[in-house]
>>> print(open('input.txt').read())   # compact mmCIF, C-alpha atoms
# COMPACT_ATOMS: atom_id res chain seq x y z
CA MET A 1 175.41 133.85 70.81
CA SER A 2 173.97 135.52 73.90
CA SER A 3 170.45 136.86 74.15
CA PRO A 4 169.10 140.12 75.61
CA THR A 5 166.22 140.01 78.07
CA ARG A 6 164.45 137.34 76.16
CA ARG A 7 161.06 138.77 75.28
CA ASP A 8 162.09 142.42 75.59
CA ILE A 9 161.67 143.26 71.93
CA LEU A 10 157.95 142.58 71.99
CA ARG A 11 156.80 144.58 74.99
CA PHE A 12 154.50 147.47 74.14
CA SER A 13 151.39 147.49 76.33
CA ALA A 14 152.62 150.21 78.66
CA ALA A 15 152.26 152.65 75.77
CA LEU A 16 148.50 152.52 76.21
CA ALA A 17 148.71 153.89 79.72
CA ALA A 18 151.58 156.28 79.09
CA ALA A 19 150.81 157.81 75.71
CA GLY A 20 148.64 160.60 77.07
CA SER A 21 151.09 161.89 79.67
CA LEU A 22 154.25 162.48 77.70
CA ALA A 23 153.82 166.17 77.02
CA ALA A 24 154.62 167.16 80.61
CA CYS A 25 158.19 168.18 81.28
CA GLY A 26 160.25 170.10 83.78
CA LYS A 27 163.34 172.27 83.77
CA SER A 28 166.70 170.80 82.89
CA ALA A 29 170.12 172.24 82.36
CA ASP A 30 173.47 171.12 81.00
CA ASN A 31 175.54 169.46 83.69
CA GLU A 32 179.24 169.92 83.21
CA GLU A 33 181.93 168.86 85.63
CA ALA A 34 185.12 170.76 86.29
CA GLY A 35 187.20 170.91 83.15
CA GLY A 36 184.19 171.06 80.84
CA VAL A 37 183.26 167.37 81.03
CA VAL A 38 179.66 166.71 80.02
CA THR A 39 177.94 163.93 81.98
CA VAL A 40 175.36 161.85 80.10
CA ASP A 41 172.84 159.76 82.03
CA LEU A 42 171.98 156.50 80.25
CA TRP A 43 169.00 154.33 81.25
CA HIS A 44 169.48 151.06 79.42
CA GLY A 45 167.53 148.41 81.33
CA GLN A 46 169.92 145.66 80.22
CA THR A 47 170.62 142.65 82.41
CA ASP A 48 173.15 139.84 82.47
CA THR A 49 175.07 139.55 79.19
CA GLY A 50 173.54 142.69 77.73
CA LYS A 51 174.60 144.78 80.72
CA LYS A 52 178.09 143.29 80.72
CA ALA A 53 178.54 144.09 77.03
CA LEU A 54 177.23 147.62 77.38
CA ASP A 55 179.33 148.34 80.49
CA ALA A 56 182.47 147.40 78.56
CA LEU A 57 181.50 149.67 75.67
CA ILE A 58 180.73 152.56 78.02
CA LYS A 59 184.14 152.18 79.66
CA GLN A 60 185.87 152.22 76.28
CA PHE A 61 183.94 155.32 75.21
CA ASN A 62 184.73 157.17 78.44
CA ASP A 63 188.41 156.23 78.18
CA THR A 64 188.63 157.59 74.64
CA HIS A 65 186.38 160.65 75.01
CA PRO A 66 187.76 162.65 77.96
CA LEU A 67 185.22 165.48 77.61
CA ILE A 68 182.19 163.18 77.89
CA LYS A 69 181.29 160.89 80.78
CA ILE A 70 178.56 158.28 80.17
CA VAL A 71 176.92 157.15 83.39
CA GLY A 72 175.22 153.87 82.60
CA GLY A 73 173.48 153.01 85.83
CA GLY A 74 170.40 151.99 83.91
CA GLY A 75 167.95 154.12 85.89
CA GLY A 76 167.21 151.23 88.23
CA VAL A 77 164.71 149.71 85.80
CA THR A 78 164.48 146.83 83.34
CA ALA A 79 163.87 147.39 79.65
CA ASP A 80 160.32 146.08 80.08
CA SER A 81 159.51 148.94 82.47
CA MET A 82 161.47 151.66 80.68
CA LEU A 83 158.48 153.41 79.13
CA GLN A 84 156.74 153.89 82.48
CA LYS A 85 159.97 155.01 84.14
CA VAL A 86 160.84 157.57 81.46
CA THR A 87 157.24 158.81 81.26
CA ALA A 88 157.22 159.43 85.01
CA GLY A 89 160.58 161.19 84.72
CA LEU A 90 159.31 163.48 81.97
CA ALA A 91 156.30 164.41 84.09
CA ALA A 92 158.55 165.14 87.08
CA GLY A 93 161.20 166.98 85.06
CA SER A 94 163.90 164.44 85.86
CA TYR A 95 164.69 162.21 82.90
CA PRO A 96 167.75 160.61 81.28
CA ASP A 97 169.79 161.83 78.35
CA ILE A 98 169.48 158.44 76.62
CA ALA A 99 166.99 155.62 77.19
CA TYR A 100 166.54 152.18 75.66
CA ILE A 101 163.04 152.47 74.15
CA PHE A 102 161.24 149.69 72.32
CA GLY A 103 160.57 150.54 68.69
CA SER A 104 156.83 150.05 69.11
CA ASP A 105 156.86 152.70 71.87
CA LEU A 106 158.86 155.35 70.01
CA ALA A 107 155.96 157.12 68.30
CA SER A 108 154.14 157.54 71.61
CA MET A 109 157.34 158.74 73.25
CA THR A 110 157.89 161.43 70.60
CA ARG A 111 154.73 163.17 71.74
CA SER A 112 157.01 164.70 74.35
CA PRO A 113 158.87 167.81 73.12
CA LYS A 114 161.86 166.59 75.11
CA VAL A 115 162.65 163.79 72.63
CA ALA A 116 165.51 165.08 70.50
CA ASP A 117 165.32 165.26 66.71
CA LEU A 118 168.43 163.51 65.33
CA SER A 119 167.66 164.11 61.65
CA ALA A 120 170.59 166.48 61.15
CA SER A 121 173.12 164.29 62.96
CA MET A 122 172.25 160.65 62.07
CA ASP A 123 173.16 159.28 58.65
CA LEU A 124 171.14 156.09 58.21
CA LYS A 125 172.02 155.11 54.65
CA ASP A 126 174.13 152.11 55.73
CA PHE A 127 171.47 150.73 58.08
CA TRP A 128 169.09 147.92 57.17
CA PRO A 129 165.72 149.29 55.99
CA ALA A 130 164.00 147.88 59.07
CA ALA A 131 166.40 149.75 61.36
CA ARG A 132 165.89 153.00 59.45
CA ASP A 133 162.12 152.73 59.48
CA ALA A 134 162.00 151.88 63.18
CA VAL A 135 163.64 155.17 64.23
CA THR A 136 161.83 157.41 61.74
CA VAL A 137 158.62 159.08 62.91
CA GLN A 138 156.73 161.37 60.54
CA GLY A 139 159.78 161.65 58.31
CA LYS A 140 162.20 162.62 61.09
CA VAL A 141 164.92 160.56 62.76
CA ARG A 142 163.87 160.47 66.40
CA ALA A 143 166.30 157.85 67.77
CA ALA A 144 169.26 155.64 66.93
CA PRO A 145 168.89 151.90 66.28
CA ALA A 146 169.80 149.81 69.34
CA LEU A 147 168.85 146.20 68.62
CA LEU A 148 167.75 144.39 65.49
CA ASP A 149 166.13 141.00 64.88
CA SER A 150 163.98 139.13 62.38
CA LEU A 151 161.36 136.41 62.54
CA CYS A 152 162.05 132.99 60.99
CA VAL A 153 161.01 129.38 61.66
CA VAL A 154 163.15 127.14 63.84
CA TYR A 155 162.34 123.44 63.42
CA ASN A 156 163.22 120.16 65.11
CA LYS A 157 165.10 117.93 62.66
CA LYS A 158 164.53 114.80 64.76
CA LEU A 159 160.75 115.20 64.64
CA PHE A 160 160.82 115.79 60.89
CA ALA A 161 162.82 112.61 60.40
CA ALA A 162 160.51 110.64 62.70
CA ALA A 163 157.50 111.78 60.64
CA GLY A 164 159.25 110.94 57.38
CA LEU A 165 159.13 114.55 56.23
CA ALA A 166 161.61 116.50 54.15
CA GLU A 167 162.95 119.56 55.93
CA PRO A 168 161.39 122.89 54.88
CA LYS A 169 163.15 125.16 52.43
CA ALA A 170 163.04 128.85 51.54
CA GLY A 171 160.11 129.68 49.30
CA TRP A 172 157.61 127.42 51.08
CA THR A 173 154.03 128.57 51.50
CA TRP A 174 151.51 128.73 54.33
CA ASP A 175 149.73 125.77 52.76
CA ASP A 176 153.02 123.89 53.06
CA PHE A 177 153.30 125.02 56.67
CA THR A 178 149.81 123.92 57.72
CA SER A 179 150.18 120.59 55.92
CA THR A 180 153.56 120.00 57.55
CA ALA A 181 152.22 120.91 60.99
CA GLN A 182 149.42 118.41 60.58
CA GLN A 183 151.84 115.63 59.60
CA LEU A 184 154.17 116.43 62.49
CA ASN A 185 151.31 116.36 64.97
CA ASN A 186 151.26 113.22 67.11
CA PRO A 187 148.76 113.42 70.01
CA ALA A 188 149.69 109.93 71.24
CA LYS A 189 153.21 111.18 71.96
CA GLY A 190 152.19 114.69 73.01
CA ILE A 191 153.80 116.25 69.94
CA PHE A 192 152.42 119.42 68.33
CA GLY A 193 153.08 120.59 64.81
CA THR A 194 153.59 124.21 65.84
CA GLY A 195 152.49 126.82 68.36
CA TRP A 196 151.19 130.37 68.72
CA PRO A 197 151.00 132.74 71.71
CA GLY A 198 147.36 132.97 72.82
CA VAL A 199 147.26 135.91 75.23
CA GLY A 200 146.40 138.67 72.76
CA ASP A 201 149.52 140.72 73.45
CA GLU A 202 152.06 141.93 70.92
CA ASP A 203 153.70 138.52 70.87
CA THR A 204 150.40 137.19 69.52
CA VAL A 205 150.02 139.97 66.96
CA TRP A 206 153.38 140.74 65.41
CA ARG A 207 153.56 137.31 63.75
CA LEU A 208 150.49 138.23 61.68
CA TRP A 209 151.96 141.26 59.94
CA PRO A 210 154.24 139.38 57.48
CA MET A 211 151.19 137.37 56.43
CA ILE A 212 149.14 140.54 55.98
CA TRP A 213 151.91 142.38 54.12
CA ASP A 214 152.43 139.41 51.81
CA LEU A 215 148.77 139.55 50.77
CA GLY A 216 149.00 143.27 50.00
CA GLY A 217 147.51 144.53 53.25
CA ASN A 218 148.97 146.86 55.85
CA VAL A 219 148.40 148.14 59.36
CA VAL A 220 146.65 151.37 58.38
CA SER A 221 145.62 153.06 55.16
CA GLU A 222 147.80 155.77 53.63
CA ASP A 223 145.62 158.52 55.08
CA GLY A 224 145.69 156.86 58.50
CA LYS A 225 141.90 156.93 58.83
CA SER A 226 141.23 153.19 58.64
CA VAL A 227 142.97 149.85 58.94
CA ALA A 228 144.36 148.29 55.78
CA PHE A 229 144.02 144.60 56.62
CA ASP A 230 140.25 144.40 56.21
CA GLN A 231 140.49 142.74 52.77
CA VAL A 232 143.12 140.14 53.66
CA GLY A 233 142.64 139.49 57.37
CA GLU A 234 140.08 136.73 56.89
CA GLN A 235 142.55 134.67 54.87
CA VAL A 236 145.21 135.15 57.53
CA PHE A 237 142.81 134.16 60.30
CA GLY A 238 141.75 131.24 58.13
CA THR A 239 145.31 129.89 58.24
CA LEU A 240 145.25 129.99 62.04
CA ASP A 241 141.82 128.42 62.09
CA LYS A 242 143.03 125.54 59.93
CA LEU A 243 145.90 124.88 62.33
CA ARG A 244 143.37 124.91 65.17
CA THR A 245 140.87 122.59 63.50
CA ASP A 246 143.67 120.23 62.49
CA LYS A 247 144.58 120.16 66.20
CA SER A 248 148.22 120.66 65.28
CA LEU A 249 148.55 123.99 67.11
CA TYR A 250 149.67 124.52 70.71
CA VAL A 251 148.13 127.77 71.98
CA ASP A 252 150.19 129.23 74.82
CA PRO A 253 147.85 130.72 77.47
CA LYS A 254 150.53 132.67 79.35
CA PRO A 255 152.27 136.00 78.52
CA GLY A 256 155.72 135.93 76.99
CA GLY A 257 155.33 132.66 75.12
CA GLU A 258 157.44 130.86 77.70
CA GLN A 259 155.33 127.68 77.74
CA LEU A 260 155.32 127.54 73.95
CA TYR A 261 159.11 127.64 73.86
CA GLN A 262 159.40 125.10 76.66
CA VAL A 263 157.30 122.68 74.61
CA PHE A 264 159.63 123.20 71.64
CA LEU A 265 162.78 122.95 73.76
CA GLY A 266 161.42 119.75 75.29
CA GLY A 267 161.28 118.12 71.86
CA ARG A 268 157.48 118.10 71.63
CA MET A 269 156.93 120.72 68.90
CA GLY A 270 158.03 120.47 65.30
CA MET A 271 158.21 124.14 64.29
CA VAL A 272 158.12 127.53 65.98
CA ALA A 273 158.31 131.04 64.55
CA THR A 274 160.86 132.93 66.61
CA GLY A 275 163.87 135.24 66.50
CA PRO A 276 167.63 134.81 66.97
CA TRP A 277 167.26 135.41 70.71
CA GLN A 278 165.93 131.84 71.04
CA LEU A 279 168.96 130.09 69.54
CA PRO A 280 171.07 130.04 72.74
CA ASP A 281 168.38 128.10 74.58
CA VAL A 282 167.82 125.77 71.63
CA ILE A 283 171.55 125.02 71.51
CA ASP A 284 171.78 124.69 75.29
CA LYS A 285 169.00 122.08 75.31
CA GLY A 286 170.74 120.05 72.63
CA VAL A 287 167.90 120.27 70.10
CA ASP A 288 168.98 119.18 66.61
CA TYR A 289 167.49 122.15 64.78
CA GLY A 290 167.37 124.00 61.52
CA VAL A 291 166.30 127.53 60.58
CA VAL A 292 164.27 128.48 57.52
CA PRO A 293 162.64 131.76 56.42
CA LEU A 294 158.96 132.30 57.19
CA PRO A 295 156.49 130.76 54.76
CA SER A 296 154.39 133.09 52.66
CA TYR A 297 151.28 132.97 50.50
CA SER A 298 153.12 134.19 47.42
CA GLY A 299 156.27 132.10 47.79
CA LYS A 300 158.29 135.31 47.99
CA PRO A 301 160.33 136.17 51.11
CA VAL A 302 158.73 138.43 53.70
CA THR A 303 159.30 138.83 57.42
CA ILE A 304 159.11 141.29 60.28
CA SER A 305 161.73 142.91 62.47
CA GLY A 306 161.11 144.40 65.90
CA PRO A 307 163.99 146.86 66.41
CA ASP A 308 164.62 148.76 69.65
CA THR A 309 166.11 152.23 69.94
CA TRP A 310 168.48 154.51 71.78
CA THR A 311 166.27 157.56 72.28
CA VAL A 312 167.95 160.87 73.14
CA PHE A 313 166.25 163.44 75.39
CA ASP A 314 166.83 167.18 75.53
CA ASN A 315 168.58 168.21 78.73
CA GLY A 316 170.33 171.09 77.04
CA LYS A 317 172.44 171.45 73.90
CA ALA A 318 175.70 170.18 75.36
CA ARG A 319 174.13 167.01 76.71
CA VAL A 320 172.17 166.33 73.52
CA LYS A 321 175.37 166.72 71.50
CA ALA A 322 177.30 164.40 73.82
CA ALA A 323 174.50 161.82 73.94
CA THR A 324 174.22 161.84 70.16
CA GLU A 325 177.95 161.34 69.80
CA PHE A 326 177.73 158.28 72.05
CA VAL A 327 174.84 156.57 70.23
CA LYS A 328 176.51 157.22 66.88
CA TRP A 329 179.69 155.68 68.28
CA LEU A 330 177.71 152.62 69.42
CA ASN A 331 176.35 152.20 65.88
CA ASP A 332 179.80 152.35 64.31
CA PRO A 333 180.56 148.85 62.95
CA LYS A 334 183.63 148.47 65.21
CA GLN A 335 181.42 148.80 68.28
CA ASP A 336 178.24 147.38 66.78
CA VAL A 337 179.84 144.02 66.03
CA ARG A 338 180.92 143.66 69.67
CA TRP A 339 177.41 144.52 70.91
CA ASP A 340 175.81 142.15 68.40
CA ILE A 341 177.99 139.17 69.31
CA GLN A 342 177.95 139.72 73.06
CA ALA A 343 174.39 140.97 73.60
CA GLY A 344 172.47 139.06 70.94
CA SER A 345 171.49 141.63 68.31
CA LEU A 346 171.73 141.19 64.58
CA PRO A 347 174.03 143.75 62.90
CA VAL A 348 172.27 147.10 62.58
CA THR A 349 174.25 148.02 59.47
CA THR A 350 175.15 146.14 56.33
CA THR A 351 178.80 147.05 56.90
CA THR A 352 178.78 145.30 60.28
CA ALA A 353 177.21 142.21 58.70
CA ALA A 354 180.18 141.99 56.30
CA LEU A 355 182.89 142.27 58.98
CA PRO A 356 185.08 139.17 59.48
CA GLU A 357 184.19 139.11 63.20
CA TRP A 358 180.49 138.84 62.44
CA THR A 359 180.78 136.35 59.57
CA LYS A 360 182.92 134.11 61.79
CA HIS A 361 180.38 134.36 64.60
CA ALA A 362 177.46 133.66 62.28
CA ALA A 363 179.26 130.66 60.78
CA GLY A 364 179.72 129.24 64.27
CA THR A 365 176.01 129.49 65.18
CA LYS A 366 173.85 127.25 63.01
CA GLY A 367 171.01 129.12 61.35
CA LEU A 368 172.03 132.58 62.52
CA GLN A 369 172.81 133.76 58.99
CA VAL A 370 169.24 132.91 57.95
CA PHE A 371 168.01 135.61 60.34
CA VAL A 372 170.53 138.09 58.91
CA ASP A 373 169.58 137.30 55.32
CA ALA A 374 165.92 137.82 56.24
CA LEU A 375 166.69 141.48 56.99
CA GLU A 376 166.76 142.06 53.23
CA THR A 377 162.96 141.75 53.15
CA ALA A 378 162.07 142.61 56.75
CA LYS A 379 159.51 145.31 57.45
CA VAL A 380 158.58 146.97 60.73
CA ARG A 381 155.35 147.97 62.37
CA PRO A 382 154.52 151.62 61.63
CA THR A 383 155.81 154.23 64.03
CA ILE A 384 152.38 155.72 64.74
CA THR A 385 150.80 156.52 68.08
CA ALA A 386 147.68 154.51 67.25
CA TYR A 387 149.58 151.25 66.82
CA PRO A 388 149.26 149.91 70.40
CA LYS A 389 145.47 150.32 70.31
CA ILE A 390 145.21 148.59 66.93
CA SER A 391 147.39 145.78 68.18
CA GLN A 392 145.23 145.33 71.25
CA GLN A 393 142.10 144.88 69.14
CA LEU A 394 143.83 142.58 66.66
CA GLY A 395 145.24 140.55 69.53
CA GLN A 396 141.78 139.97 70.99
CA ALA A 397 140.45 138.93 67.58
CA THR A 398 143.36 136.54 67.05
CA VAL A 399 142.78 134.83 70.38
CA ALA A 400 139.09 134.44 69.55
CA VAL A 401 140.09 132.57 66.38
CA LEU A 402 142.82 130.52 68.07
CA LEU A 403 140.37 129.33 70.72
CA GLY A 404 137.53 128.73 68.25
CA LYS A 405 135.29 131.32 69.89
CA LYS A 406 134.71 133.24 66.65
CA SER A 407 134.94 132.47 62.98
CA PRO A 408 137.70 134.22 61.00
CA ALA A 409 135.07 136.41 59.29
CA ASP A 410 133.32 137.45 62.51
CA ALA A 411 136.55 138.07 64.40
CA LEU A 412 137.91 140.24 61.59
CA SER A 413 134.69 142.19 61.15
CA GLU A 414 134.52 143.16 64.80
CA CYS A 415 138.24 143.98 64.93
CA VAL A 416 138.06 146.25 61.88
CA LYS A 417 135.02 148.02 63.29
CA GLN A 418 136.72 148.68 66.64
CA CYS A 419 140.01 149.77 65.07
CA ASN A 420 138.38 152.18 62.62
CA ALA A 421 136.42 153.73 65.48
CA LEU A 422 139.69 154.29 67.34
CA LEU A 423 141.37 155.79 64.28
CA ALA A 424 138.47 158.19 63.83
CA VAL A 425 139.41 159.85 67.14
CA PRO A 426 142.46 162.15 66.82
CA SER A 427 145.32 160.89 69.01
>>> encode(input="input.txt", output="structure tokens")
Amino acid sequence: MSSPTRRDILRFSAALAAAGSLAACGKSADNEEAGGVVTVDLWHGQTDTGKKALDALIKQFNDTHPLIKIVGGGGGVTADSMLQKVTAGLAAGSYPDIAYIFGSDLASMTRSPKVADLSASMDLKDFWPAARDAVTVQGKVRAAPALLDSLCVVYNKKLFAAAGLAEPKAGWTWDDFTSTAQQLNNPAKGIFGTGWPGVGDEDTVWRLWPMIWDLGGNVVSEDGKSVAFDQVGEQVFGTLDKLRTDKSLYVDPKPGGEQLYQVFLGGRMGMVATGPWQLPDVIDKGVDYGVVPLPSYSGKPVTISGPDTWTVFDNGKARVKAATEFVKWLNDPKQDVRWDIQAGSLPVTTTTAALPEWTKHAAGTKGLQVFVDALETAKVRPTITAYPKISQQLGQATVAVLLGKKSPADALSECVKQCNALLAVPS
């Protein structure tokens, strides 16, 4: 299994700076070569294995679709910087036909009238619910799914055995998790029970949502005028606070969670919540590992997915039609399975997940099927323009709890107050 740019799926902060400037646009026209060939400009931001896989798919598409030419130069930008690049292009009137946009950025991006509405051309019934929800904004399909993942717990079997602990199983609870982390913890040997990103970015925040959803909370209320985690957030923060006071939690002070994962890969952390993108490194380092679904408060399965999208932009009818044909072709199981295996995504459709090629691949990568099975109960963050601002406030509150600077009650109270003030201002 090969991974995409490793923390790509979590990047969102550029939306804060870019959200207000997306309405600007310039003139565009269909560009057709001699013979009626429509050229489609794709900015994908993929590197290494992801780029290699996509280049091969582009070549196959171009070879089999003589009236469409996909130019996949990538726009000279990584996926992390795609939002800024596309936003600047929209303002200047020079933007791609397709761009790889993080799911958490899609709602902000659709503030531009140049983002195509794919509702009439995309049939999403075979897609996992998380993939469908990630590309749907205000009831309309505004992109095609590009990459899918889920969050589970990867654990070190050797450390469990050394601590005399039974390995975790599906259906375990957060009480089980905190107790296990405490028993795994061994300060004399520099071993931590678990870890959590402590920067306050989306990597810090997105791990909270399954806990909040499990307790009956949500990101925002149905009317969108207030947050909907005010009644359950203290319990969630209380779980983090217990891990902190037990001293079984490694808090990573740097963006991207790289130090946290290095501690796990070095055999000094018992458990880490992560996605399938981490398995190649775990295997490469020779860690004897297992994968188990996230714990919950209820004992019922719940997790989060952070899908990314292929977003189509309006450069004229012919180019929109050609671009849409390409992204639909990418999502076809015959192509999707190649992308998933080579670039590190989970299957975006249930049909792909049942293909012999995928089942063989999953069987050859220990624990990978656990991430696929988790898609049955995976939810996504809401595709609303206010999400990045809410996440920023929740991230700051989470860090305050992780570092013991505020009590769970005080951190939540201030976060709710700030978020509700933001939601009271029309975006």
>>> closest_atom_pairs(input="input.txt", of="region 313-341 of chain A", to="region 116-135 of chain A", cutoff="8 Å", atoms="only C-alpha atoms", output="tab-separated table")
residue	atom	partner	partner_atom	distance
A:Phe313	CA	A:Ala116	CA	5.2
A:Asp314	CA	A:Ala116	CA	5.6
A:Val320	CA	A:Ala116	CA	7.4
A:Thr324	CA	A:Ser121	CA	7.7
A:Lys328	CA	A:Met122	CA	7.3
>>> write_last_selection(input="input.txt", atoms="C-alpha atoms", output="compact mmCIF listing (two decimals), keeping the file's coordinate frame")
# COMPACT_ATOMS: atom_id res chain seq x y z
CA PHE A 313 166.25 163.44 75.39
CA ASP A 314 166.83 167.18 75.53
CA VAL A 320 172.17 166.33 73.52
CA THR A 324 174.22 161.84 70.16
CA LYS A 328 176.51 157.22 66.88
>>> closest_residue(input="input.txt", among="A:Ala323, A:Ala170, A:Leu208, A:Ala161", to="Ile68 (chain A)", atoms="only C-alpha atoms")
A:Ala323
>>> closest_residue(input="input.txt", among="A:Lys169, A:Ala322, A:Ser226, A:Thr398", to="Gly36 (chain A)", atoms="only C-alpha atoms")
A:Ala322
>>> closest_residue(input="input.txt", among="A:Tyr297, A:Thr359, A:Lys225, A:Arg244", to="Leu422 (chain A)", atoms="all atoms listed in the file")
A:Lys225
>>> residues_near_point(input="input.txt", point="(142.3, 120.6, 65.4)", cutoff="12 Å", atoms="only C-alpha atoms", output="PyMOL selection string")
chain A and resi 178+181-182+185-187+192-194+240-251+402-404
>>> atom_distance(input="input.txt", atom1="CA of Pro145 (chain A)", atom2="CA of Val327 (chain A)")
8.5 Å
>>> residues_around(input="input.txt", residues="region 362-365 of chain A", least_positions_apart="2", cutoff="10 Å", atoms="all atoms listed in the file", output="VMD selection string")
chain A and resid 1 279 to 280 283 341 346 353 356 to 360 367 to 372
